[in-house]
>>> print(open('final.txt').read())   # compact mmCIF, C-alpha atoms
# COMPACT_ATOMS: atom_id res chain seq x y z
CA TYR A 1 -5.64 32.14 42.52
CA GLY A 2 -5.47 35.71 41.25
CA THR A 3 -2.09 37.27 41.89
CA ALA A 4 -0.87 34.51 44.23
CA THR A 5 2.69 33.40 43.51
CA PRO A 6 2.92 30.25 41.36
CA PRO A 7 3.15 27.34 41.59
CA PHE A 8 -0.26 27.34 43.24
CA LYS A 9 -1.17 25.00 46.08
CA GLU A 10 -4.66 24.41 47.40
CA ASP A 11 -3.92 26.63 50.39
CA SER A 12 -2.47 29.47 48.29
CA PRO A 13 -4.34 32.78 48.69
CA THR A 14 -7.39 33.12 46.45
CA GLY A 15 -9.60 36.00 45.37
CA THR A 16 -6.96 38.73 45.39
CA GLY A 17 -6.07 40.50 42.17
CA ILE A 18 -8.31 38.42 39.90
CA THR A 19 -7.79 39.88 36.44
CA ASN A 20 -10.87 38.76 34.47
CA PRO A 21 -14.61 38.02 34.92
CA TYR A 22 -14.11 34.31 34.20
CA GLY A 23 -11.74 33.90 37.13
CA GLN A 24 -13.96 36.03 39.36
CA THR A 25 -16.97 33.86 38.59
CA LYS A 26 -15.08 30.68 39.51
CA TYR A 27 -13.96 32.26 42.77
CA ASP A 28 -17.51 33.38 43.63
CA ILE A 29 -18.88 29.88 43.00
CA GLU A 30 -16.22 28.40 45.27
CA ARG A 31 -17.22 30.80 48.03
CA ILE A 32 -20.83 29.65 47.75
CA LEU A 33 -19.83 25.99 47.86
CA LEU A 34 -17.56 26.54 50.86
CA GLU A 35 -20.48 28.03 52.82
CA LEU A 36 -22.93 25.18 52.12
CA PRO A 37 -21.61 22.78 54.80
CA LYS A 38 -22.15 25.51 57.40
CA GLY A 39 -25.91 25.54 56.84
CA GLU A 40 -28.66 23.61 58.64
CA ASP A 41 -28.30 20.64 56.29
CA GLY A 42 -24.52 20.97 56.12
CA ASP A 43 -23.93 17.37 57.18
CA ASP A 44 -25.72 16.21 54.02
CA TRP A 45 -23.17 17.78 51.68
CA GLN A 46 -20.19 16.15 50.07
CA ILE A 47 -18.29 18.77 48.06
CA VAL A 48 -15.09 18.32 46.10
CA ILE A 49 -13.72 21.33 44.22
CA LEU A 50 -11.38 20.60 41.32
CA ARG A 51 -9.17 23.46 40.20
CA TYR A 52 -7.60 23.30 36.74
CA PHE A 53 -6.61 25.82 34.12
CA ASN A 54 -6.30 24.90 30.45
CA PRO A 55 -7.93 21.62 29.36
CA VAL A 56 -6.86 20.82 25.79
CA GLY A 57 -6.42 17.84 23.49
CA ALA A 58 -8.99 15.41 22.15
CA HIS A 59 -9.95 11.79 22.58
CA PRO A 60 -7.26 9.65 20.96
CA SER A 61 -9.92 7.92 18.85
CA GLY A 62 -10.27 11.18 16.92
CA LEU A 63 -14.05 11.11 17.37
CA ILE A 64 -14.42 13.65 20.20
CA GLY A 65 -12.74 17.05 20.15
CA GLU A 66 -13.17 20.78 20.59
CA GLN A 67 -14.81 22.89 17.90
CA PRO A 68 -15.46 26.49 18.95
CA ASN A 69 -17.99 28.57 17.08
CA GLY A 70 -16.48 31.69 15.56
CA ILE A 71 -13.06 32.99 16.60
CA PRO A 72 -11.59 30.89 19.44
CA ASN A 73 -10.75 32.67 22.68
CA ASN A 74 -8.22 30.04 23.75
CA LEU A 75 -4.79 29.25 22.38
CA MET A 76 -5.00 25.59 21.32
CA PRO A 77 -8.17 25.81 19.19
CA TYR A 78 -6.84 29.00 17.58
CA VAL A 79 -3.55 27.25 16.74
CA ALA A 80 -5.60 24.39 15.30
CA GLN A 81 -7.49 26.76 13.03
CA VAL A 82 -4.23 28.28 11.79
CA ALA A 83 -2.89 24.79 11.11
CA THR A 84 -5.98 23.92 9.03
CA GLY A 85 -5.93 27.20 7.11
CA LYS A 86 -9.01 28.76 8.70
CA ARG A 87 -6.88 31.55 10.18
CA GLU A 88 -3.98 33.28 8.49
CA PHE A 89 -1.69 33.48 11.53
CA LEU A 90 -1.52 33.29 15.31
CA THR A 91 -0.95 36.46 17.30
CA ILE A 92 1.28 35.90 20.31
CA PHE A 93 0.23 38.47 22.87
CA GLY A 94 3.54 39.57 24.33
CA ASP A 95 7.00 38.03 24.03
CA ASN A 96 8.74 40.05 26.73
CA TYR A 97 7.49 38.34 29.90
CA ALA A 98 10.00 37.16 32.49
CA THR A 99 9.65 33.55 31.33
CA ARG A 100 11.88 31.00 29.58
CA ASP A 101 11.21 32.38 26.09
CA GLY A 102 9.37 35.60 26.84
CA THR A 103 5.86 34.23 26.21
CA GLY A 104 3.21 33.38 28.76
CA GLU A 105 3.38 29.99 30.48
CA ARG A 106 0.30 27.96 31.39
CA ASP A 107 -0.58 24.62 32.99
CA TYR A 108 -2.20 22.65 30.15
CA ILE A 109 -3.93 19.37 30.93
CA HIS A 110 -5.11 16.71 28.50
CA VAL A 111 -8.90 16.29 28.52
CA VAL A 112 -8.49 12.52 28.99
CA ASP A 113 -6.40 13.05 32.13
CA LEU A 114 -8.97 15.56 33.30
CA ALA A 115 -11.85 13.12 32.80
CA LYS A 116 -9.92 10.54 34.83
CA GLY A 117 -9.42 13.19 37.53
CA HIS A 118 -13.17 13.72 37.79
CA SER A 119 -13.72 9.97 38.03
CA ALA A 120 -11.10 9.75 40.77
CA ALA A 121 -12.89 12.49 42.72
CA LEU A 122 -16.21 10.65 42.47
CA ARG A 123 -14.60 7.41 43.67
CA TYR A 124 -13.09 9.30 46.59
CA MET A 125 -16.50 10.71 47.56
CA LYS A 126 -18.13 7.30 47.32
CA LYS A 127 -15.41 5.68 49.40
CA ASN A 128 -15.51 8.32 52.15
CA GLU A 129 -19.11 8.72 53.23
CA GLY A 130 -20.32 11.64 55.29
CA LYS A 131 -19.76 15.36 55.29
CA MET A 132 -16.90 16.42 53.02
CA MET A 133 -15.26 19.60 51.78
CA GLU A 134 -12.08 19.12 49.75
CA VAL A 135 -10.15 21.14 47.18
CA PHE A 136 -7.77 19.57 44.68
CA ASN A 137 -5.57 20.97 41.93
CA LEU A 138 -5.59 18.94 38.73
CA GLY A 139 -2.68 19.53 36.39
CA THR A 140 0.68 18.30 35.21
CA GLY A 141 2.61 20.59 37.53
CA ASN A 142 4.54 21.90 34.53
CA ALA A 143 4.11 25.25 32.79
CA VAL A 144 4.25 25.32 28.97
CA SER A 145 4.90 28.54 27.06
CA VAL A 146 3.02 29.76 24.00
CA LYS A 147 6.06 29.17 21.80
CA GLU A 148 6.53 25.68 23.22
CA LEU A 149 2.91 24.78 22.45
CA VAL A 150 3.24 26.13 18.91
CA SER A 151 6.48 24.18 18.40
CA SER A 152 4.80 20.99 19.62
CA PHE A 153 1.86 21.50 17.26
CA VAL A 154 4.19 22.06 14.32
CA LYS A 155 5.84 18.75 15.13
CA SER A 156 2.47 17.00 15.36
CA CYS A 157 1.00 18.37 12.14
CA ASN A 158 4.23 18.58 10.15
CA CYS A 159 3.03 21.93 8.86
CA SER A 160 3.89 25.61 9.20
CA LEU A 161 2.20 27.86 11.74
CA PRO A 162 2.69 31.54 10.93
CA THR A 163 2.87 33.74 14.04
CA LYS A 164 3.04 37.46 14.76
CA VAL A 165 3.88 39.15 18.02
CA GLY A 166 1.34 41.59 19.39
CA GLU A 167 0.93 43.65 22.52
CA ARG A 168 0.23 42.06 25.86
CA ARG A 169 -3.44 41.64 26.68
CA PRO A 170 -4.77 43.35 29.81
CA GLY A 171 -5.23 40.81 32.61
CA ASP A 172 -2.83 38.20 31.26
CA LEU A 173 -0.39 36.85 33.83
CA PRO A 174 3.17 35.73 32.98
CA VAL A 175 2.91 32.28 34.59
CA THR A 176 0.08 30.17 36.00
CA TYR A 177 0.50 26.57 37.05
CA ALA A 178 -0.42 24.46 40.04
CA VAL A 179 1.03 21.78 42.28
CA PRO A 180 -1.09 18.59 41.93
CA GLU A 181 0.59 16.63 44.73
CA LYS A 182 -2.53 16.48 46.91
CA ALA A 183 -4.55 14.90 44.09
CA ASN A 184 -1.66 12.55 43.35
CA LYS A 185 -1.70 11.31 46.95
CA VAL A 186 -5.31 11.53 48.11
CA LEU A 187 -7.18 10.80 44.87
CA GLU A 188 -4.47 8.44 43.60
CA TRP A 189 -4.60 10.36 40.33
CA LYS A 190 -1.78 11.70 38.20
CA ALA A 191 -1.67 13.36 34.78
CA GLU A 192 0.00 10.95 32.37
CA LEU A 193 -0.07 12.92 29.10
CA GLY A 194 2.17 15.83 28.10
CA ILE A 195 1.93 18.69 25.63
CA ASP A 196 3.06 16.53 22.69
CA ASP A 197 0.21 14.10 23.41
CA MET A 198 -2.22 17.02 23.56
CA THR A 199 -1.20 18.52 20.22
CA ARG A 200 -1.00 15.08 18.59
CA ASP A 201 -4.56 14.23 19.61
CA VAL A 202 -5.92 17.61 18.50
CA TRP A 203 -4.33 17.11 15.08
CA ASN A 204 -5.66 13.54 14.91
CA TRP A 205 -9.16 14.82 15.72
CA LEU A 206 -8.90 17.38 12.94
CA GLN A 207 -7.71 14.79 10.44
CA THR A 208 -10.28 12.17 11.44
CA THR A 209 -13.17 14.61 11.14
CA LYS A 210 -11.66 16.63 8.29
CA SER A 211 -11.36 19.72 10.52
CA GLY A 212 -14.42 19.17 12.68
CA PHE A 213 -18.14 18.56 12.67
CA LYS A 214 -20.73 20.29 10.57
CA PRO A 215 -23.07 22.50 12.64
CA CYS A 216 -25.49 20.53 14.78
CA LYS A 217 -29.15 20.36 13.87
CA VAL A 218 -31.19 20.65 17.06
CA ASP A 219 -34.88 20.10 17.71
CA ARG A 220 -37.04 19.19 20.69
CA PHE A 221 -36.26 15.50 20.26
CA GLY A 222 -32.49 15.89 20.42
CA PHE A 223 -29.75 16.66 17.95
CA GLU A 224 -27.89 15.07 15.10
CA PHE A 225 -24.39 15.71 13.86
CA ASN A 226 -22.53 14.81 10.74
CA LEU A 227 -18.91 14.50 9.80
CA HIS A 228 -17.70 16.38 6.75
>>> encode(input="final.txt", output="structure tokens")
Amino acid sequence: YGTATPPFKEDSPTGTGITNPYGQTKYDIERILLELPKGEDGDDWQIVILRYFNPVGAHPSGLIGEQPNGIPNNLMPYVAQVATGKREFLTIFGDNYATRDGTGERDYIHVVDLAKGHSAALRYMKKNEGKMMEVFNLGTGNAVSVKELVSSFVKSCNCSLPTKVGERRPGDLPVTYAVPEKANKVLEWKAELGIDDMTRDVWNWLQTTKSGFKPCKVDRFGFEFNLH
């Protein structure tokens, strides 16, 4: 959605003022998909585009979770590494935004809700045969700040999370969150889990696996993984 004014709806302007290559790539892919139904075989295409921002959390069983290699680029896995002692502190990039507490606000969505959203989209496509081009926002419809996420994680892990305030990062926006009403109505899908559920399940995943998996061993026949 670039520099469109949040909260974002499916018909909000897109492609203007995109601030990073990741967002630009997503926009370019959407443009390609939107052109496909206009081709010679356009009637053969069923396309549903799902727009979401920050999938986080883990499966509540504690057996499936996120384990980035190296230094995480995203907030939740970085917070998790601080909580487990792999990182000394979390740098909060800017605390002087025009938001509730001065830190950036984002639309986080639990990975379980997100998986259910994908299933809902597939059911919708199966139910409605024929040519299709639809765009849906998947999210909670609520923005959560960096400080609010950290506070929730502290509550979940019952531990300290040292933070330092740094300079704003180029390209970061103060607030990004979407309106999921279309998905609520058309796909009959709604996010059921909040930020406390997300941080709880990340911490459970870390405790169940003792901070994650060992590196995978991969060969031509597949891969194997081991818990610590």
>>> residues_around(input="final.txt", residues="A:Thr140", least_positions_apart="6", cutoff="8 Å", atoms="all atoms listed in the file", output="number ranges by chain")
A: 107-109, 178-180, 190-192, 194
>>> closest_residue(input="final.txt", among="A:Tyr22, A:Phe8, A:Tyr1, A:Trp45", to="A:Lys131", atoms="all atoms listed in the file")
A:Trp45
>>> closest_residue(input="final.txt", among="A:Cys157, A:Ile29, A:Leu138, A:Met133", to="A:Glu181", atoms="all atoms listed in the file")
A:Leu138
>>> residues_around(input="final.txt", residues="A:Val144", least_positions_apart="4", cutoff="8 Å", atoms="only C-alpha atoms", output="compact mmCIF listing (two decimals) with C-alpha atoms, in the coordinates of the input")
# COMPACT_ATOMS: atom_id res chain seq x y z
CA GLU A 105 3.38 29.99 30.48
CA ARG A 106 0.30 27.96 31.39
CA ASP A 107 -0.58 24.62 32.99
CA TYR A 108 -2.20 22.65 30.15
CA GLU A 148 6.53 25.68 23.22
CA LEU A 149 2.91 24.78 22.45
CA ILE A 195 1.93 18.69 25.63
>>> closest_residue(input="final.txt", among="A:Leu173, A:Val186, A:Leu75, A:Ala120", to="A:Tyr97", atoms="all atoms listed in the file")
A:Leu173
>>> atom_distance(input="final.txt", atom1="atom CA of A:Ser151", atom2="atom CA of A:Val79")
10.6 Å
>>> residues_near_point(input="final.txt", point="(-3.8, 5.3, 41.2)", cutoff="12 Å", atoms="only C-alpha atoms", output="ChimeraX atom specification")
/A:116-117,119-121,123-124,183-192
>>> atom_distance(input="final.txt", atom1="atom CA of A:Lys26", atom2="atom CA of A:Val135")
13.2 Å
>>> atom_distance(input="final.txt", atom1="atom CA of A:Gly17", atom2="atom CA of A:Thr3")
5.1 Å
>>> residues_near_point(input="final.txt", point="(-6.1, 21.0, 36.8)", cutoff="6 Å", atoms="only C-alpha atoms", output="number ranges by chain")
A: 51-53, 137-139
>>> write_last_selection(input="final.txt", atoms="C-alpha atoms", output="PDB file, in the coordinates of the input")
ATOM      1  CA  ARG A  51      -9.170  23.460  40.200  1.00  0.00           C
ATOM      2  CA  TYR A  52      -7.600  23.300  36.740  1.00  0.00           C
ATOM      3  CA  PHE A  53      -6.610  25.820  34.120  1.00  0.00           C
ATOM      4  CA  ASN A 137      -5.570  20.970  41.930  1.00  0.00           C
ATOM      5  CA  LEU A 138      -5.590  18.940  38.730  1.00  0.00           C
ATOM      6  CA  GLY A 139      -2.680  19.530  36.390  1.00  0.00           C
TER       7      GLY A 139
END
>>> residues_around(input="final.txt", residues="A:Met76", least_positions_apart="5", cutoff="9 Å", atoms="only C-alpha atoms", output="list in words")
Val56, Gly57, Gln81, Leu149, Val150, Phe153, Thr199 and Val202 of chain A
>>> residues_around(input="final.txt", residues="A:Ala58", least_positions_apart="4", cutoff="9 Å", atoms="only C-alpha atoms", output="list in words")
Gly62, Leu63, Ile64, Gly65, Glu66, His110, Val111, Val112, Met198, Thr199, Arg200, Asp201, Val202, Trp203, Asn204 and Trp205 of chain A
>>> closest_residue(input="final.txt", among="A:Thr25, A:Asn20, A:Asn54, A:Thr84", to="A:Lys210", atoms="only C-alpha atoms")
A:Thr84
>>> closest_residue(input="final.txt", among="A:Val175, A:Ile47, A:Leu206, A:Val165", to="A:Ile32", atoms="all atoms listed in the file")
A:Ile47
>>> residues_around(input="final.txt", residues="A:Glu88", least_positions_apart="2", cutoff="12 Å", atoms="all atoms listed in the file", output="VMD selection string")
chain A and resid 78 to 86 90 to 91 160 to 164
